[in-house]
Structures are given as structure tokens and as C-alpha cells.
Amino acid sequence: MIGKTLPYFVLAMISMAVCIVTALVLFRLPLRGSLLTLGLVSAVFLVPSLGQGILISVTMRTQLAAAQLGLMTGYLPAMMLSGFLFDIHSMPGWLQAVTLLIPARYMNVSLQTVFLAGDLWPVLLPNMLFMLAVGALFFGMTWFKLRKRVD
Amino acid sequence: MLQRLIAIIRKELISMLRDPRARMSLIVPPLVQLFIFSAAATMEVKNIDLAVVDLDRGPSSAEIIHRLRGSRSFEELKVFPSVAAARGHVEREEVIGILVLQSGLSADLAAGRQTSVQLLLDGRRSNAAQISAQYITSIIQGVGAERSAAAVGVSAPSPELVIDNWFNPNLEYQWFMLPNLVGNLSLGVALMLTALSVARERELGTFDQTLVSPATPVEIALGKLIPPLLVACVQTSLYLVIVTELYGVPFRGDLTMFYGSVLAFAAACAGVGLFISSLVQTQQQAFLGAFAVLLPFALLSGFATPVENMPWWLQVFTDINPLAHVLRLMQGMFLKDASLASLWHSLGKLVIIALFTMTGSVLLFRRKAS
């Protein structure tokens with residue numbers, strides 16, 4: 001399970017690095033936190049993301065269905081429900097509860113904080129813990145499914 | 001020729017709707033997206049808390065706090081003894097900002113002197129911060145004007161700005177968002193269905209069979225383009241009913257123009273989808289290709305961010321983006337009772353784009369098929 005996700009972890013970190021360099025150089029976004037914190041936050045975000053991916057992969061039978069479900073449950077919520085375009089506090093209560101399960105929500109706050117405010121650990125640590133918790137949930141469900149299948 | 005075309009259309013419809021999961025995926029995901037995103041997408045500021053540091057403790061600051069509490073913009077007003085005490089709450093996103101009412105505020109206003117207050121906002125949540133700033137500014141200016149007018153003894157009332165919002169009188173954000181969503185979701189369907197069509201046949205191995213049939217490649221291509229148009233019409237009819245009945249958004253346009261726009265839009269998207277489908281080998285590649293096209297179209301269409309704010313080279317791109325045109329048409333028809341005379345510009349561009357993509361994709365298909 002870990003073997004399958006590790007190469008994608010490396011790929012995703014590289015792609016994250018490209019985006020960060022573009023943001024810093026081309027758009028001149030200020031980085032008021034440290035690069036190390038940025039790297040740490042990115043690595044932590046990849047845990048629930050990869051977990052979600054591998055859970056979908058283990059559940060679906062065809063590649064096409066996996067791709068569809070991955071984009072529906074990964075990309076679209078990350079765009080609409082993570083606080084990226086629309087502020088979460090303005091959403092109705094039940095929808096705010098739904099966003100608690102979306103890792104992108106925590107990543108959004110963490111990135112905004114690291115870039116614009118600095119290394120505010122009282123803000124970053126709880127968000128990272130939530131991300132790890134959601135990641136543990138996904139990996140746990142995957143492990144459970146894999147175990148059942150081998151038996 | 002017409003008989004062969006109709007036969008191919010029937011075949012496409014059957015293969016599209018045969019799988020029960022495919023039928024489900026045509027109805028359920030778009031509806032779920034419609035409901036969730038209409039709830040999520042809002043530029044209004046609700047349930048937001050504000051921190052206040054009152055160093056003045058005079059009648060003016062009390063009045064400001066009283067009015068802020070009474071307005072429906074802010075959920076809770078938290079009072080702190082100093083900026084340092086409130087700072088942690090801003091960092092943890094518990095409040096949107098800190099309003100600092102410095103000492104001497106009431107005295108200055110009572111004497112009719114020019115004075116100011118300080119508003120510190122969370123720049124990370126820039127949209128909500130800007131809108132909150134507007135709410136707060138109007139309240140503060142109101143209190144300031146009243147207090148200084150009373151002090152100096154001026155009885156002439158200052159001119160009041162009466163704002164009347166055309167087409168969306170109560171500025172209900174959902175009235176803006178739902179017509180947009182109708183356009184967005186139809187884009188996904190038309191594009192996805194055509195993109196998957198040729199690729200699915202290639203995977204199943206029936207593509208060669210179709211080519212050997214009496215129909216010419218052009219007829220086959222048209223036969224693949226038309227069924228998604230029908231599906232798009234049915235889906236948008238469903239959306240129209242839901243949006244007007246369930247959400248109460250008015251529909252002021254006329255139905256022929258509505259369906260005309262939907263057909264032109266679906267044709268433009270179907271053309272792009274068939275183009276993608278002719279280029280790829282597997283359904284998965286087709287899906288990813290369609291999504292890679294869908295995302296820029298959606299983000300750059302004026303759906304969430306106004307087109308006028310974009311740099312000029314992106315605005316040129318939005319001119320060829322069918323979603324941007326259909327959004328303008330939808331808004332015009334839902335909210336404005338716009339006639340053909342005012343909207344022909346967008347509709348015309350949409351038809352041109354549709355013709356362009358459809359001929360392009362049919363030509364590519366013909367080349368790939370021979």
C-alpha cells in the first residue's frame with residue numbers, strides 16, 4: 001500500500017515545487033513563512049490526498065470509473081468547498097460540517113497562513129493534525145479492504 | 001442519408017443509456033452538484049464574527065457597537081481590551097478583523113472634528129474581508145455624520161444614496177449563481193458524453209464495425225454529435241424546473257431562445273468532445289482530456305470571477321469560450337427578460353463557435369476513420 005503511493009508522493013512534491021516557484025517568481029507572491037514549513041505542510045497534505053486516491057483505486061473496478069470518481073470527489077470539492085473561491089464561514093451549517101472531511105480545506109488555510117502571515121504554529125499545527133487524521137481514516141479503510149480481499 | 005443518420009443516432013442513444021450506471025451518472029452527479037454548490041457558492045458575508053477594541057468608552061463608540069450588533073452582517077461581536085489580545089483570534093480565523101475605536105473618538109465627534117477609526121482585517125480571506133469592510137464603513141459613516149451634525153447644530157440632512165438593484169432587487173446571490181450553474185453543468189455533460197463515445201467504441205472493439213457499415217464517416221460523426229444535444233436539452237429542462245420551482249429564481253426570457261442557446265452551447269461542447277475523442281485511444285484518456293478542457297473553460301468563463309477583471313490576453317480567450325457566452329445568455333434570460341435584440345451578440349458568437357467545432361471535429365473524425 002505504501003509502496004504504491006510513494007512514487008506518486010515524489011511526483012506530487014515535484015509538481016508542488018514547480019507551482020511554488022512559479023508563484024514566487026512569476027507572480028511575486030510574498031513568502032512570509034519559511035520554505036521548510038511550506039515543504040512540511042505540502043508533505044502532510046499529500047497524506048490524505050494519496051489516501052483518498054488509493055481508497056478509490058481499491059474500490060473501483062475499471063480505470064475509467066476510478067478516474068471519474070477521483071475527479072468528482074477530489075477535484076470539485078477542493079475547488080468549491082475548500083474556501084478557495086467561497087468563504088467557508090458564509091456557507092450553511094450542514095455544508096460547513098461536510099467541509100471538515102475535505103483535506104483541501106485545511107491546506108487552503110495553511111497555505112494562506114504560511115505565505116501571507118508567516119509560521120504561525122498555533123494555526124498550522126491543528127490543521128496539519130486534521131489532515132493527518134483524515135489521511136489515517138482513508139489509509140485505514142484501504143488497509144481494511146485489502147485485508148478482506150486477500151482473505 | 002437521413003435514414004442512415006437516424007439509425008446511427010438511435011444506436012448511439014441505446015449504447016449511451018443501456019448501462020444503468022451510466023443512466024445514473026447522467027442524473028445524480030449533476031443534481032448533487034447543483035444542490036451542494038448552490039449552497040456553497042456565495043460572495044455574501046454571513047456567520048462572520050468581528051473583534052472590537054473599545055478604547056474610547058464614550059457614547060459614539062457605544063452607538064457604533066450597538067449598530068454593528070444590530071446589523072445582520074455579523075454573527076457575534078467580541079470585545080477585547082487590546083489589539084494584542086485579539087490578534088490570536090484573527091490568526092485562528094475566528095474573527096474576520098479588529099475594529100479599533102481609539103480614545104477621544106466621542107470627544108472629537110462631539111466637537112465636530114475630523115477623526116478616524118482603524119479597521120484591521122485578515123488579508124488571507126480577502127473577499128470576505130473586503131465585503132465586511134464595506135458593511136462596517138457604512139455603519140461608521142452613518143454614526144459619524146449624525147453625531148457631528150448634532151454637535152455643530154447643522155440641520156440640513158446630508159444627501160442620502162438610494163440604491164436600487166435592477167434585475168435582482170434583493171441581491172440574492174443564488175439568483176446569480178443558479179443560472180451560472182445551469183450553464184456549467186450542461187458543459188460537463190455534453191463534453192463528457194461525446195468525448196467518451198469514440199473512445200468507448202475503440203475499447204469495445206466495435207469501432208471498426210461502425211466504419212464498415214453503409215454510413216459514411218460524416219454521417220457517423222453527426223450521429224455521434226446529435227444524441228448528446230438531446231440529452232443536454234432534457235437535462236437543462238430538468239434544471240429549469242428545479243431552479244424556478246424549488247429556488248424561486250424568476251425566468252423572464254422566452255423558451256425558444258432558451259432552447260436555442262442550449263442547443264448551440266451543447267453543439268459547441270459536443271464538437272470539442274468529439275475532437276478529443278478522435279485523438280485518444282482509451283476512455284480514460286478521453287475523460288482526462290475532457291476534464292483538462294473543462295476546467296479552464298469553467299474558471300475563465302466569468303462564473304466566479306468577473307471577466308472584466310482579467311488581463312486583456314485572457315479576455316481574448318473568453319471570447320472563444322462557449323461557456324462565457326452561454327452564461328451571459330442565461331443571466332439575461334433568467335433575470336432580465338432580455339430579448340433577442342440585446343442578446344444576439346452572444347448567441348451569434350455561440351453559433352459560430354458551434355459551427356467551427358462541429359465541422360472541425362467531423363473533418364478530424366473523417367480523417368481518422370479512413
# chains A, B, ... in the order shown; residues from 1 in each chain; ligands from 1
call {"tool": "residues_around", "arguments": {"residues": "segment 74-84 of chain A", "least_positions_apart": "6", "cutoff": "7 Å", "atoms": "only C-alpha atoms", "output": "PyMOL selection string"}}
result
(chain A and resi 99+104-105+108) or (chain B and resi 37+40)
call {"tool": "interface_residues", "arguments": {"of": "chain A", "to": "chain B", "cutoff": "12 Å", "atoms": "only C-alpha atoms", "output": "number ranges by chain"}}
result
A: 62-73, 75-99, 106, 108-127
call {"tool": "select_by_dssp", "arguments": {"residues": "segment 43-109 of chain A", "states": "alpha helix (DSSP H)", "output": "NGL selection string"}}
result
:A and (43-59 or 63-70 or 76-80 or 93-99 or 103-109)
call {"tool": "select_by_dssp", "arguments": {"residues": "segment 113-339 of chain B", "states": "strand (DSSP E)", "output": "list in words"}}
result
Gln118, Leu119, Leu120 and Leu121 of chain B
call {"tool": "closest_residue", "arguments": {"among": "B:Ser73, B:Ser277, B:Thr115, B:Ser186", "to": "Val234 of chain B", "atoms": "only C-alpha atoms"}}
result
B:Ser186
call {"tool": "atom_distance", "arguments": {"atom1": "atom CA of Leu6 of chain A", "atom2": "atom CA of Leu50 of chain A"}}
result
9.0 Å
call {"tool": "residues_around", "arguments": {"residues": "Arg367 of chain B", "least_positions_apart": "2", "cutoff": "12 Å", "atoms": "only C-alpha atoms", "output": "ChimeraX atom specification"}}
result
/B:216-218,221,275,278-279,360-365,369-370
call {"tool": "residues_around", "arguments": {"residues": "Ser346 of chain B", "least_positions_apart": "3", "cutoff": "10 Å", "atoms": "only C-alpha atoms", "output": "JSON, numbers by chain"}}
result
{"B": [261, 319, 322, 324, 325, 326, 327, 328, 329, 340, 342, 343, 349, 350, 351, 352]}
call {"tool": "residues_around", "arguments": {"residues": "Thr59 of chain A", "least_positions_apart": "4", "cutoff": "10 Å", "atoms": "only C-alpha atoms", "output": "count of residues only"}}
result
7
call {"tool": "residues_around", "arguments": {"residues": "Met257 of chain B", "least_positions_apart": "2", "cutoff": "12 Å", "atoms": "only C-alpha atoms", "output": "list of chain:residue names"}}
result
B:Arg252, B:Gly253, B:Asp254, B:Leu255, B:Tyr259, B:Gly260, B:Ser261, B:Val262, B:Leu263, B:Ala264, B:Phe265, B:Val326, B:Leu329, B:Met330, B:Gly332, B:Met333, B:Phe334, B:Asp337, B:Ala338, B:Ser339, B:Leu340, B:Ala341, B:Leu343, B:Trp344, B:Ser346, B:Leu347, B:Gly348
call {"tool": "write_last_selection", "arguments": {"atoms": "N, CA and C atoms", "output": "PDB file, in the first residue's frame"}}
result
ATOM      1  N   ARG B 252     -37.420  35.024 -16.975  1.00  0.00           N
ATOM      2  CA  ARG B 252     -38.144  36.078 -17.673  1.00  0.00           C
ATOM      3  C   ARG B 252     -37.957  36.034 -19.175  1.00  0.00           C
ATOM      4  N   GLY B 253     -37.103  35.157 -19.651  1.00  0.00           N
ATOM      5  CA  GLY B 253     -36.859  35.115 -21.091  1.00  0.00           C
ATOM      6  C   GLY B 253     -37.908  34.291 -21.794  1.00  0.00           C
ATOM      7  N   ASP B 254     -37.662  33.986 -23.064  1.00  0.00           N
ATOM      8  CA  ASP B 254     -38.642  33.148 -23.749  1.00  0.00           C
ATOM      9  C   ASP B 254     -38.019  31.812 -24.093  1.00  0.00           C
ATOM     10  N   LEU B 255     -38.869  30.765 -24.121  1.00  0.00           N
ATOM     11  CA  LEU B 255     -38.348  29.407 -24.146  1.00  0.00           C
ATOM     12  C   LEU B 255     -37.625  29.053 -25.437  1.00  0.00           C
ATOM     13  N   TYR B 259     -33.957  27.283 -25.444  1.00  0.00           N
ATOM     14  CA  TYR B 259     -33.539  26.026 -26.042  1.00  0.00           C
ATOM     15  C   TYR B 259     -32.568  26.244 -27.190  1.00  0.00           C
ATOM     16  N   GLY B 260     -32.738  27.372 -27.896  1.00  0.00           N
ATOM     17  CA  GLY B 260     -31.777  27.686 -28.941  1.00  0.00           C
ATOM     18  C   GLY B 260     -30.375  27.841 -28.379  1.00  0.00           C
ATOM     19  N   SER B 261     -30.271  28.584 -27.270  1.00  0.00           N
ATOM     20  CA  SER B 261     -28.956  28.759 -26.659  1.00  0.00           C
ATOM     21  C   SER B 261     -28.398  27.434 -26.169  1.00  0.00           C
ATOM     22  N   VAL B 262     -29.264  26.635 -25.525  1.00  0.00           N
ATOM     23  CA  VAL B 262     -28.801  25.346 -25.000  1.00  0.00           C
ATOM     24  C   VAL B 262     -28.277  24.476 -26.124  1.00  0.00           C
ATOM     25  N   LEU B 263     -29.016  24.449 -27.257  1.00  0.00           N
ATOM     26  CA  LEU B 263     -28.588  23.614 -28.371  1.00  0.00           C
ATOM     27  C   LEU B 263     -27.268  24.106 -28.949  1.00  0.00           C
ATOM     28  N   ALA B 264     -27.160  25.424 -29.136  1.00  0.00           N
ATOM     29  CA  ALA B 264     -25.917  25.956 -29.688  1.00  0.00           C
ATOM     30  C   ALA B 264     -24.742  25.654 -28.759  1.00  0.00           C
ATOM     31  N   PHE B 265     -24.967  25.841 -27.466  1.00  0.00           N
ATOM     32  CA  PHE B 265     -23.917  25.588 -26.491  1.00  0.00           C
ATOM     33  C   PHE B 265     -23.521  24.124 -26.469  1.00  0.00           C
ATOM     34  N   VAL B 326     -22.684  31.494 -22.971  1.00  0.00           N
ATOM     35  CA  VAL B 326     -23.948  30.922 -22.513  1.00  0.00           C
ATOM     36  C   VAL B 326     -24.303  31.457 -21.126  1.00  0.00           C
ATOM     37  N   LEU B 329     -26.018  34.651 -21.686  1.00  0.00           N
ATOM     38  CA  LEU B 329     -27.363  34.390 -22.179  1.00  0.00           C
ATOM     39  C   LEU B 329     -28.279  33.945 -21.043  1.00  0.00           C
ATOM     40  N   MET B 330     -27.782  33.026 -20.198  1.00  0.00           N
ATOM     41  CA  MET B 330     -28.602  32.518 -19.104  1.00  0.00           C
ATOM     42  C   MET B 330     -28.986  33.634 -18.153  1.00  0.00           C
ATOM     43  N   GLY B 332     -29.174  36.765 -18.801  1.00  0.00           N
ATOM     44  CA  GLY B 332     -30.121  37.640 -19.473  1.00  0.00           C
ATOM     45  C   GLY B 332     -31.516  37.061 -19.459  1.00  0.00           C
ATOM     46  N   MET B 333     -31.623  35.746 -19.714  1.00  0.00           N
ATOM     47  CA  MET B 333     -32.946  35.159 -19.823  1.00  0.00           C
ATOM     48  C   MET B 333     -33.602  34.960 -18.469  1.00  0.00           C
ATOM     49  N   PHE B 334     -32.807  34.599 -17.456  1.00  0.00           N
ATOM     50  CA  PHE B 334     -33.410  34.367 -16.154  1.00  0.00           C
ATOM     51  C   PHE B 334     -33.779  35.667 -15.476  1.00  0.00           C
ATOM     52  N   ASP B 337     -35.259  39.235 -18.756  1.00  0.00           N
ATOM     53  CA  ASP B 337     -36.240  39.277 -19.851  1.00  0.00           C
ATOM     54  C   ASP B 337     -35.592  39.941 -21.059  1.00  0.00           C
ATOM     55  N   ALA B 338     -34.349  39.519 -21.331  1.00  0.00           N
ATOM     56  CA  ALA B 338     -33.662  40.137 -22.457  1.00  0.00           C
ATOM     57  C   ALA B 338     -34.184  39.549 -23.747  1.00  0.00           C
ATOM     58  N   SER B 339     -34.396  40.390 -24.712  1.00  0.00           N
ATOM     59  CA  SER B 339     -34.911  39.911 -25.992  1.00  0.00           C
ATOM     60  C   SER B 339     -33.739  39.531 -26.882  1.00  0.00           C
ATOM     61  N   LEU B 340     -34.059  38.975 -28.027  1.00  0.00           N
ATOM     62  CA  LEU B 340     -33.024  38.571 -28.977  1.00  0.00           C
ATOM     63  C   LEU B 340     -32.191  39.777 -29.400  1.00  0.00           C
ATOM     64  N   ALA B 341     -32.837  40.918 -29.465  1.00  0.00           N
ATOM     65  CA  ALA B 341     -32.137  42.111 -29.945  1.00  0.00           C
ATOM     66  C   ALA B 341     -30.919  42.420 -29.084  1.00  0.00           C
ATOM     67  N   LEU B 343     -29.392  40.203 -26.994  1.00  0.00           N
ATOM     68  CA  LEU B 343     -28.507  39.075 -26.748  1.00  0.00           C
ATOM     69  C   LEU B 343     -27.964  38.434 -28.015  1.00  0.00           C
ATOM     70  N   TRP B 344     -28.330  38.943 -29.186  1.00  0.00           N
ATOM     71  CA  TRP B 344     -27.942  38.265 -30.421  1.00  0.00           C
ATOM     72  C   TRP B 344     -26.429  38.184 -30.552  1.00  0.00           C
ATOM     73  N   SER B 346     -24.150  37.555 -28.186  1.00  0.00           N
ATOM     74  CA  SER B 346     -23.636  36.333 -27.543  1.00  0.00           C
ATOM     75  C   SER B 346     -24.116  35.090 -28.269  1.00  0.00           C
ATOM     76  N   LEU B 347     -25.404  35.093 -28.645  1.00  0.00           N
ATOM     77  CA  LEU B 347     -25.950  33.909 -29.305  1.00  0.00           C
ATOM     78  C   LEU B 347     -25.246  33.681 -30.642  1.00  0.00           C
ATOM     79  N   GLY B 348     -24.993  34.787 -31.356  1.00  0.00           N
ATOM     80  CA  GLY B 348     -24.318  34.666 -32.637  1.00  0.00           C
ATOM     81  C   GLY B 348     -22.926  34.071 -32.492  1.00  0.00           C
TER      82      GLY B 348
END
call {"tool": "closest_residue", "arguments": {"among": "B:Leu225, B:Ala22, B:Ala85, B:Val198", "to": "Ile6 of chain B", "atoms": "only C-alpha atoms"}}
result
B:Leu225
call {"tool": "atom_distance", "arguments": {"atom1": "atom CA of Ile276 of chain B", "atom2": "atom CA of Gly188 of chain B"}}
result
13.9 Å
call {"tool": "residues_around", "arguments": {"residues": "Ala43 of chain A", "least_positions_apart": "5", "cutoff": "12 Å", "atoms": "only C-alpha atoms", "output": "VMD selection string"}}
result
chain A and resid 6 8 to 17 36 to 38 48 to 50 107 128 131 to 132 135
call {"tool": "write_last_selection", "arguments": {"atoms": "N, CA and C atoms", "output": "PDB file, in the first residue's frame"}}
result
ATOM      1  N   LEU A   6       4.175   5.756  -2.724  1.00  0.00           N
ATOM      2  CA  LEU A   6       5.420   6.529  -2.612  1.00  0.00           C
ATOM      3  C   LEU A   6       5.860   7.228  -3.903  1.00  0.00           C
ATOM      4  N   TYR A   8       4.047   8.357  -6.280  1.00  0.00           N
ATOM      5  CA  TYR A   8       3.150   9.476  -6.538  1.00  0.00           C
ATOM      6  C   TYR A   8       3.401  10.606  -5.561  1.00  0.00           C
ATOM      7  N   PHE A   9       3.862  10.243  -4.358  1.00  0.00           N
ATOM      8  CA  PHE A   9       4.243  11.253  -3.377  1.00  0.00           C
ATOM      9  C   PHE A   9       5.368  12.108  -3.944  1.00  0.00           C
ATOM     10  N   VAL A  10       6.374  11.444  -4.487  1.00  0.00           N
ATOM     11  CA  VAL A  10       7.513  12.182  -5.045  1.00  0.00           C
ATOM     12  C   VAL A  10       7.062  13.058  -6.207  1.00  0.00           C
ATOM     13  N   LEU A  11       6.247  12.468  -7.104  1.00  0.00           N
ATOM     14  CA  LEU A  11       5.749  13.233  -8.252  1.00  0.00           C
ATOM     15  C   LEU A  11       4.982  14.467  -7.802  1.00  0.00           C
ATOM     16  N   ALA A  12       4.120  14.280  -6.799  1.00  0.00           N
ATOM     17  CA  ALA A  12       3.287  15.393  -6.344  1.00  0.00           C
ATOM     18  C   ALA A  12       4.141  16.473  -5.702  1.00  0.00           C
ATOM     19  N   MET A  13       5.182  16.077  -4.959  1.00  0.00           N
ATOM     20  CA  MET A  13       6.057  17.088  -4.342  1.00  0.00           C
ATOM     21  C   MET A  13       6.773  17.886  -5.411  1.00  0.00           C
ATOM     22  N   ILE A  14       7.201  17.204  -6.483  1.00  0.00           N
ATOM     23  CA  ILE A  14       7.873  17.919  -7.572  1.00  0.00           C
ATOM     24  C   ILE A  14       6.913  18.924  -8.199  1.00  0.00           C
ATOM     25  N   SER A  15       5.678  18.469  -8.455  1.00  0.00           N
ATOM     26  CA  SER A  15       4.713  19.371  -9.087  1.00  0.00           C
ATOM     27  C   SER A  15       4.378  20.533  -8.153  1.00  0.00           C
ATOM     28  N   MET A  16       4.329  20.262  -6.848  1.00  0.00           N
ATOM     29  CA  MET A  16       4.101  21.319  -5.861  1.00  0.00           C
ATOM     30  C   MET A  16       5.246  22.329  -5.918  1.00  0.00           C
ATOM     31  N   ALA A  17       6.494  21.817  -6.039  1.00  0.00           N
ATOM     32  CA  ALA A  17       7.651  22.705  -6.101  1.00  0.00           C
ATOM     33  C   ALA A  17       7.562  23.616  -7.314  1.00  0.00           C
ATOM     34  N   LEU A  36      10.890  25.595   4.639  1.00  0.00           N
ATOM     35  CA  LEU A  36      10.814  24.304   5.310  1.00  0.00           C
ATOM     36  C   LEU A  36       9.382  24.023   5.767  1.00  0.00           C
ATOM     37  N   THR A  37       8.739  25.052   6.348  1.00  0.00           N
ATOM     38  CA  THR A  37       7.350  24.879   6.774  1.00  0.00           C
ATOM     39  C   THR A  37       6.462  24.590   5.574  1.00  0.00           C
ATOM     40  N   LEU A  38       6.741  25.290   4.473  1.00  0.00           N
ATOM     41  CA  LEU A  38       5.959  25.081   3.262  1.00  0.00           C
ATOM     42  C   LEU A  38       6.075  23.635   2.803  1.00  0.00           C
ATOM     43  N   PRO A  48      -3.534  12.682   3.151  1.00  0.00           N
ATOM     44  CA  PRO A  48      -4.938  12.373   2.864  1.00  0.00           C
ATOM     45  C   PRO A  48      -5.235  12.300   1.376  1.00  0.00           C
ATOM     46  N   SER A  49      -4.511  13.093   0.557  1.00  0.00           N
ATOM     47  CA  SER A  49      -4.791  13.053  -0.881  1.00  0.00           C
ATOM     48  C   SER A  49      -4.476  11.687  -1.460  1.00  0.00           C
ATOM     49  N   LEU A  50      -3.281  11.160  -1.121  1.00  0.00           N
ATOM     50  CA  LEU A  50      -2.927   9.849  -1.627  1.00  0.00           C
ATOM     51  C   LEU A  50      -3.843   8.781  -1.035  1.00  0.00           C
ATOM     52  N   MET A 107      -5.636  22.608   3.935  1.00  0.00           N
ATOM     53  CA  MET A 107      -4.480  23.037   3.155  1.00  0.00           C
ATOM     54  C   MET A 107      -4.620  24.491   2.743  1.00  0.00           C
ATOM     55  N   MET A 128      -2.694  20.702  10.350  1.00  0.00           N
ATOM     56  CA  MET A 128      -1.925  19.548   9.915  1.00  0.00           C
ATOM     57  C   MET A 128      -2.420  18.281  10.598  1.00  0.00           C
ATOM     58  N   MET A 131      -5.457  17.082   8.864  1.00  0.00           N
ATOM     59  CA  MET A 131      -5.127  16.441   7.592  1.00  0.00           C
ATOM     60  C   MET A 131      -4.626  15.020   7.823  1.00  0.00           C
ATOM     61  N   LEU A 132      -3.747  14.872   8.822  1.00  0.00           N
ATOM     62  CA  LEU A 132      -3.222  13.546   9.103  1.00  0.00           C
ATOM     63  C   LEU A 132      -4.330  12.605   9.570  1.00  0.00           C
ATOM     64  N   GLY A 135      -6.216  11.534   6.613  1.00  0.00           N
ATOM     65  CA  GLY A 135      -5.373  10.598   5.890  1.00  0.00           C
ATOM     66  C   GLY A 135      -5.365   9.229   6.535  1.00  0.00           C
TER      67      GLY A 135
END
